[in-house]
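A.B. asks: If it helps, the file is called work-v2.csv and holds CSV, C-alpha atoms:
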```csv
chain,number,residue,atom,x,y,z
A,1,LYS,CA,-1.6,0.9,-85.5
A,2,ALA,CA,-3.6,-2.3,-86.1
A,3,GLY,CA,-1.9,-5.5,-85.3
A,4,VAL,CA,-1.5,-8.6,-87.4
A,5,THR,CA,-4.9,-10.1,-88.4
A,6,GLN,CA,-5.6,-13.6,-89.5
A,7,THR,CA,-8.7,-15.0,-91.1
A,8,PRO,CA,-10.5,-17.2,-90.4
A,9,ARG,CA,-9.9,-17.7,-86.7
A,10,TYR,CA,-11.3,-21.2,-86.7
A,11,LEU,CA,-11.7,-23.7,-89.4
A,12,ILE,CA,-13.0,-27.3,-89.6
A,13,LYS,CA,-12.1,-29.4,-92.6
A,14,THR,CA,-12.1,-33.1,-93.5
A,15,ARG,CA,-9.2,-35.2,-94.7
A,16,GLY,CA,-8.4,-34.8,-98.3
A,17,GLN,CA,-9.7,-31.3,-98.6
A,18,GLN,CA,-7.6,-28.2,-99.0
A,19,VAL,CA,-7.6,-25.0,-97.0
A,20,THR,CA,-6.4,-21.4,-97.5
A,21,LEU,CA,-5.5,-19.2,-94.6
A,22,SER,CA,-5.0,-15.4,-94.8
A,23,CYS,CA,-2.7,-13.0,-93.0
A,24,SER,CA,-2.7,-9.2,-93.1
A,25,PRO,CA,0.6,-7.8,-91.7
A,26,ILE,CA,1.0,-4.6,-89.8
A,27,SER,CA,0.9,-1.6,-92.1
A,28,GLY,CA,4.4,-0.9,-93.4
A,29,HIS,CA,5.7,-4.4,-92.6
A,30,ARG,CA,7.0,-6.2,-95.7
A,31,SER,CA,8.1,-9.5,-94.2
A,32,VAL,CA,5.6,-12.3,-93.3
A,33,SER,CA,6.4,-15.6,-91.7
A,34,TRP,CA,4.2,-18.6,-91.0
A,35,TYR,CA,4.4,-21.0,-88.1
A,36,GLN,CA,2.6,-24.2,-87.1
A,37,GLN,CA,2.0,-24.9,-83.4
A,38,THR,CA,1.0,-28.3,-82.2
A,39,PRO,CA,1.1,-29.8,-78.7
A,40,GLY,CA,3.5,-32.5,-79.8
A,41,GLN,CA,5.9,-30.5,-82.0
A,42,GLY,CA,5.6,-27.0,-80.5
A,43,LEU,CA,6.1,-24.0,-82.7
A,44,GLN,CA,7.7,-24.8,-86.1
A,45,PHE,CA,8.6,-22.5,-88.9
A,46,LEU,CA,6.9,-23.0,-92.2
A,47,PHE,CA,8.1,-20.2,-94.5
A,48,GLU,CA,9.0,-16.5,-94.8
A,49,TYR,CA,8.1,-14.1,-97.5
A,50,PHE,CA,9.5,-10.7,-98.3
A,51,SER,CA,8.5,-8.5,-101.3
A,52,GLU,CA,6.4,-11.3,-102.8
A,53,THR,CA,9.3,-13.8,-102.7
A,54,GLN,CA,9.8,-16.8,-100.5
A,55,ARG,CA,13.0,-16.2,-98.7
A,56,ASN,CA,13.1,-19.2,-96.3
A,57,LYS,CA,11.3,-22.5,-96.0
A,58,GLY,CA,11.0,-24.9,-93.1
A,59,ASN,CA,10.9,-28.7,-93.2
A,60,PHE,CA,7.3,-29.3,-94.3
A,61,PRO,CA,6.0,-31.3,-97.2
A,62,GLY,CA,5.1,-29.7,-100.5
A,63,ARG,CA,1.4,-29.8,-99.6
A,64,PHE,CA,2.1,-26.6,-97.6
A,65,SER,CA,2.6,-23.6,-99.8
A,66,GLY,CA,2.2,-19.9,-99.5
A,67,ARG,CA,2.4,-16.6,-101.4
A,68,GLN,CA,2.6,-12.9,-100.7
A,69,PHE,CA,0.8,-10.2,-102.6
A,70,SER,CA,2.1,-6.7,-103.6
A,71,ASN,CA,0.3,-5.2,-100.5
A,72,SER,CA,2.3,-7.6,-98.3
A,73,ARG,CA,-0.8,-9.6,-97.4
A,74,SER,CA,0.0,-13.4,-97.4
A,75,GLU,CA,-1.9,-16.6,-97.8
A,76,MET,CA,-0.9,-20.1,-97.0
A,77,ASN,CA,-2.5,-23.2,-98.5
A,78,VAL,CA,-2.5,-26.8,-97.4
A,79,SER,CA,-3.7,-29.3,-99.9
A,80,THR,CA,-4.8,-32.9,-99.3
A,81,LEU,CA,-5.3,-32.3,-95.6
A,82,GLU,CA,-4.3,-35.0,-93.1
A,83,LEU,CA,-5.3,-35.5,-89.5
A,84,GLY,CA,-1.9,-34.4,-88.4
A,85,ASP,CA,-2.4,-31.0,-90.0
A,86,SER,CA,-4.7,-30.0,-87.1
A,87,ALA,CA,-2.9,-27.2,-85.5
A,88,LEU,CA,-2.8,-23.5,-84.7
A,89,TYR,CA,-1.3,-21.6,-87.7
A,90,LEU,CA,0.4,-18.4,-86.7
A,91,CYS,CA,1.4,-15.6,-89.0
A,92,ALA,CA,4.1,-13.0,-88.0
A,93,SER,CA,5.1,-9.8,-89.6
A,94,SER,CA,8.2,-7.7,-89.3
A,95,PHE,CA,9.5,-4.5,-90.9
A,96,GLY,CA,12.3,-6.3,-92.7
A,97,LEU,CA,14.5,-9.3,-92.9
A,98,ALA,CA,17.1,-8.2,-90.4
A,99,VAL,CA,17.6,-10.6,-87.5
A,100,TYR,CA,17.2,-7.8,-85.0
A,101,ASN,CA,13.7,-6.9,-86.3
A,102,GLU,CA,11.1,-8.1,-83.9
A,103,GLN,CA,8.3,-10.3,-85.2
A,104,PHE,CA,4.7,-9.4,-84.4
A,105,PHE,CA,2.4,-12.4,-84.2
A,106,GLY,CA,-1.3,-12.6,-85.0
A,107,PRO,CA,-3.8,-14.5,-82.9
A,108,GLY,CA,-3.6,-17.6,-85.2
A,109,THR,CA,-6.0,-19.7,-87.2
A,110,ARG,CA,-7.1,-22.9,-85.4
A,111,LEU,CA,-7.5,-25.7,-88.0
A,112,THR,CA,-9.2,-28.9,-87.1
A,113,VAL,CA,-9.0,-31.8,-89.6
A,114,LEU,CA,-11.6,-34.5,-89.1
B,115,ASP,CA,21.0,-23.9,-85.7
B,116,ALA,CA,22.6,-23.1,-82.4
B,117,LYS,CA,20.6,-24.7,-79.5
B,118,THR,CA,19.2,-23.1,-76.3
B,119,THR,CA,18.5,-24.9,-73.0
B,120,GLN,CA,15.9,-23.6,-70.6
B,121,PRO,CA,14.3,-25.0,-67.5
B,122,ASN,CA,10.9,-26.5,-68.2
B,123,SER,CA,9.1,-24.5,-65.5
B,124,MET,CA,9.6,-21.9,-62.9
B,125,GLU,CA,7.4,-20.4,-60.2
B,126,SER,CA,7.4,-16.9,-58.8
B,127,ASN,CA,5.4,-14.8,-56.5
B,128,GLU,CA,3.6,-11.7,-57.6
B,129,GLU,CA,5.6,-8.4,-57.3
B,130,GLU,CA,8.9,-10.3,-56.9
B,131,PRO,CA,11.7,-10.3,-59.5
B,132,VAL,CA,12.0,-13.3,-61.8
B,133,HIS,CA,15.2,-14.5,-63.4
B,134,LEU,CA,14.7,-16.8,-66.3
B,135,PRO,CA,18.0,-18.5,-67.4
B,136,CYS,CA,19.0,-19.7,-70.9
B,137,ASN,CA,22.1,-21.6,-71.9
B,138,HIS,CA,23.4,-21.3,-75.4
B,139,SER,CA,27.0,-22.7,-75.3
B,140,THR,CA,27.2,-23.1,-79.1
B,141,ILE,CA,26.3,-19.5,-79.9
B,142,SER,CA,28.2,-18.0,-82.8
B,143,GLY,CA,29.5,-14.4,-83.0
B,144,THR,CA,26.6,-13.3,-85.3
B,145,ASP,CA,23.7,-14.8,-83.3
B,146,TYR,CA,21.3,-12.5,-81.7
B,147,ILE,CA,19.6,-13.6,-78.5
B,148,HIS,CA,15.8,-13.1,-78.6
B,149,TRP,CA,13.2,-13.7,-76.0
B,150,TYR,CA,9.5,-14.2,-76.8
B,151,ARG,CA,6.7,-15.2,-74.6
B,152,GLN,CA,3.3,-16.8,-75.3
B,153,LEU,CA,0.4,-16.1,-73.0
B,154,PRO,CA,-2.4,-18.6,-72.9
B,155,SER,CA,-4.5,-18.7,-76.0
B,156,GLN,CA,-2.4,-16.0,-77.7
B,157,GLY,CA,0.3,-15.8,-80.4
B,158,PRO,CA,3.9,-15.3,-79.2
B,159,GLU,CA,4.9,-11.8,-78.2
B,160,TYR,CA,8.3,-10.2,-78.5
B,161,VAL,CA,10.0,-9.4,-75.2
B,162,ILE,CA,13.5,-8.3,-75.8
B,163,HIS,CA,16.7,-9.0,-77.8
B,164,GLY,CA,20.4,-8.4,-77.5
B,165,LEU,CA,23.8,-9.2,-79.1
B,166,THR,CA,26.5,-8.6,-76.6
B,167,SER,CA,25.5,-5.9,-74.1
B,168,ASN,CA,22.8,-6.0,-71.5
B,169,VAL,CA,19.5,-4.5,-72.7
B,170,ASN,CA,16.6,-2.9,-70.9
B,171,ASN,CA,13.1,-2.1,-72.2
B,172,ARG,CA,9.8,-1.4,-70.6
B,173,MET,CA,9.0,-5.1,-70.3
B,174,ALA,CA,12.2,-6.6,-69.1
B,175,SER,CA,16.0,-6.6,-68.9
B,176,LEU,CA,18.3,-9.0,-70.7
B,177,ALA,CA,21.6,-9.9,-69.0
B,178,ILE,CA,24.1,-11.5,-71.4
B,179,ALA,CA,27.2,-13.3,-70.0
B,180,GLU,CA,30.6,-12.0,-71.1
B,181,ASP,CA,31.3,-15.2,-73.1
B,182,ARG,CA,27.7,-15.1,-74.5
B,183,LYS,CA,27.2,-18.7,-73.6
B,184,SER,CA,24.3,-17.9,-71.4
B,185,SER,CA,21.7,-15.1,-70.8
B,186,THR,CA,19.1,-14.2,-68.2
B,187,LEU,CA,15.7,-12.6,-68.8
B,188,ILE,CA,14.8,-10.5,-65.8
B,189,LEU,CA,11.2,-9.4,-65.0
B,190,HIS,CA,11.6,-6.8,-62.3
B,191,ARG,CA,8.2,-7.2,-60.7
B,192,ALA,CA,6.2,-10.2,-61.8
B,193,THR,CA,2.5,-9.8,-62.3
B,194,LEU,CA,-0.2,-12.4,-62.8
B,195,ARG,CA,-0.2,-11.3,-66.5
B,196,ASP,CA,3.4,-12.4,-66.8
B,197,ALA,CA,2.4,-16.1,-66.5
B,198,ALA,CA,3.4,-17.5,-69.9
B,199,VAL,CA,5.8,-19.7,-71.7
B,200,TYR,CA,9.1,-17.8,-72.3
B,201,TYR,CA,11.2,-18.8,-75.2
B,202,CYS,CA,14.9,-18.0,-75.6
B,203,ILE,CA,15.8,-18.0,-79.3
B,204,LEU,CA,19.0,-17.5,-81.2
B,205,ARG,CA,18.7,-15.9,-84.6
B,206,GLU,CA,21.6,-16.1,-86.9
B,207,ASP,CA,22.6,-13.2,-89.1
B,208,THR,CA,23.3,-15.4,-92.1
B,209,GLY,CA,21.2,-17.9,-93.9
B,210,ARG,CA,18.2,-19.0,-92.0
B,211,ARG,CA,16.7,-16.2,-90.0
B,212,ALA,CA,13.5,-17.8,-88.8
B,213,LEU,CA,12.6,-18.1,-85.2
B,214,THR,CA,13.5,-21.6,-84.0
B,215,PHE,CA,11.3,-22.1,-80.9
B,216,GLY,CA,12.4,-24.7,-78.3
B,217,SER,CA,10.1,-25.9,-75.5
B,218,GLY,CA,10.6,-22.8,-73.4
B,219,THR,CA,10.1,-22.1,-69.7
B,220,ARG,CA,6.6,-22.1,-68.3
B,221,LEU,CA,6.4,-19.4,-65.7
B,222,GLN,CA,3.7,-19.6,-63.0
B,223,VAL,CA,3.1,-16.5,-60.9
B,224,GLN,CA,1.4,-17.0,-57.6
B,225,PRO,CA,-0.7,-14.2,-56.1
```
Using structure tokens, write down the structure from this file.
C.D. replies:
Amino acid sequence: KAGVTQTPRYLIKTRGQQVTLSCSPISGHRSVSWYQQTPGQGLQFLFEYFSETQRNKGNFPGRFSGRQFSNSRSEMNVSTLELGDSALYLCASSFGLAVYNEQFFGPGTRLTVL
Amino acid sequence: DAKTTQPNSMESNEEEPVHLPCNHSTISGTDYIHWYRQLPSQGPEYVIHGLTSNVNNRMASLAIAEDRKSSTLILHRATLRDAAVYYCILREDTGRRALTFGSGTRLQVQP
């Protein structure tokens, strides 16, 4: 079974631009979560989607948004990029929303904002 | 969210058992205890989870204190590949279900 895939793996943008990251979950998984990892703040939860609906949201500004498609694939978008948005963005999929479901993480997209 | 406390770092020798502690004194009755690890340059990886009873899987064992205020992840024979940051996470069964990562324990394994 293929794992979680994220594209692109690396991205360089400049301040003020916007970016879209993509995540393909494991086949059969319907829940997708996004996390941001930085050296200073560690791993922080962005949002969670299930059946095309956002079910949970972390404490990030409205510049961070996401969506999920009917095939469970998900995208996240960051508008008006700031230097502080440079981070590793991780996507995780799970079978469902239950707290005992393990989350499977992708390799991440490394975003650098210049 | 209930908090967890872990040592910043631990060292082990290859092929020896490793006991990684986690304190979670404010755990509620519906919180599941999850352990994830993150190897260098990779996304986090699920290790094990439990609610009240001790759990075993092919990767590790999880020992949960009777009062559930602490738990220990046990790697029975550490290998160099087990060098990673280990995160102990409480996931509540109501409301927010997201994984709330702390700073974790950085495990170093010496050959």
A.B. asks: Within 6 Å of segment 214-222 of chain B, counting all atoms listed in the file, which residues show up once you throw out same-chain ones fewer than 5 positions away? Write them as number ranges by chain, please.
C.D. replies: A: 43; B: 121-125, 197-201
A.B. asks: Restrict the distance test to all atoms listed in the file, flag each residue of chain B within 8 Å of chain A, and return the flagged residues as an MDAnalysis selection string.
C.D. replies: chainID B and resid 146 156:160 163 205:207 210:217
A.B. asks: Tell me which protein, DNA and RNA residues are within 7 Å of Gly96 of chain A, counting only C-alpha atoms, leaving out same-chain ones fewer than 3 positions away, and put them as a PDB file with C-alpha atoms, in the coordinates of the input.
C.D. replies:
```pdb
ATOM      1  CA  HIS A  29       5.700  -4.400 -92.600  1.00  0.00           C
ATOM      2  CA  ARG A  30       7.000  -6.200 -95.700  1.00  0.00           C
ATOM      3  CA  SER A  31       8.100  -9.500 -94.200  1.00  0.00           C
ATOM      4  CA  ASN A 101      13.700  -6.900 -86.300  1.00  0.00           C
TER       5      ASN A 101
END
```
A.B. asks: If we count all atoms listed in the file, what is near Asn71 of chain A at a cut-off of 12 Å, once residues fewer than 5 positions away on the same chain are taken out, given as a VMD selection string?
C.D. replies: chain A and resid 23 to 32 50 to 52
A.B. asks: Grab the atom CA of Glu75 of chain A to atom CA of Thr38 of chain A distance for me, in Å with one decimal place.
C.D. replies: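 Straight-line distance from atom CA of Glu75 of chain A to atom CA of Thr38 of chain A works out to 19.7 Å.
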A.B. asks: What's the separation between atom CA of Phe69 of chain A and atom CA of Val19 of chain A, in Å to one decimal place?
C.D. replies: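 Distance reported for this atom pair: 17.9 Å.
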A.B. asks: Which residues, protein or nucleic acid, reach to within 12 Å of (-4.7, -14.9, -56.4) in the file's coordinates when using all atoms listed in the file, and can you give that as a list in words?
C.D. replies: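 The residues that fall inside the cut-off are Asn127, Glu128, Thr193, Leu194, Arg195, Gln222, Val223, Gln224 and Pro225 of chain B.
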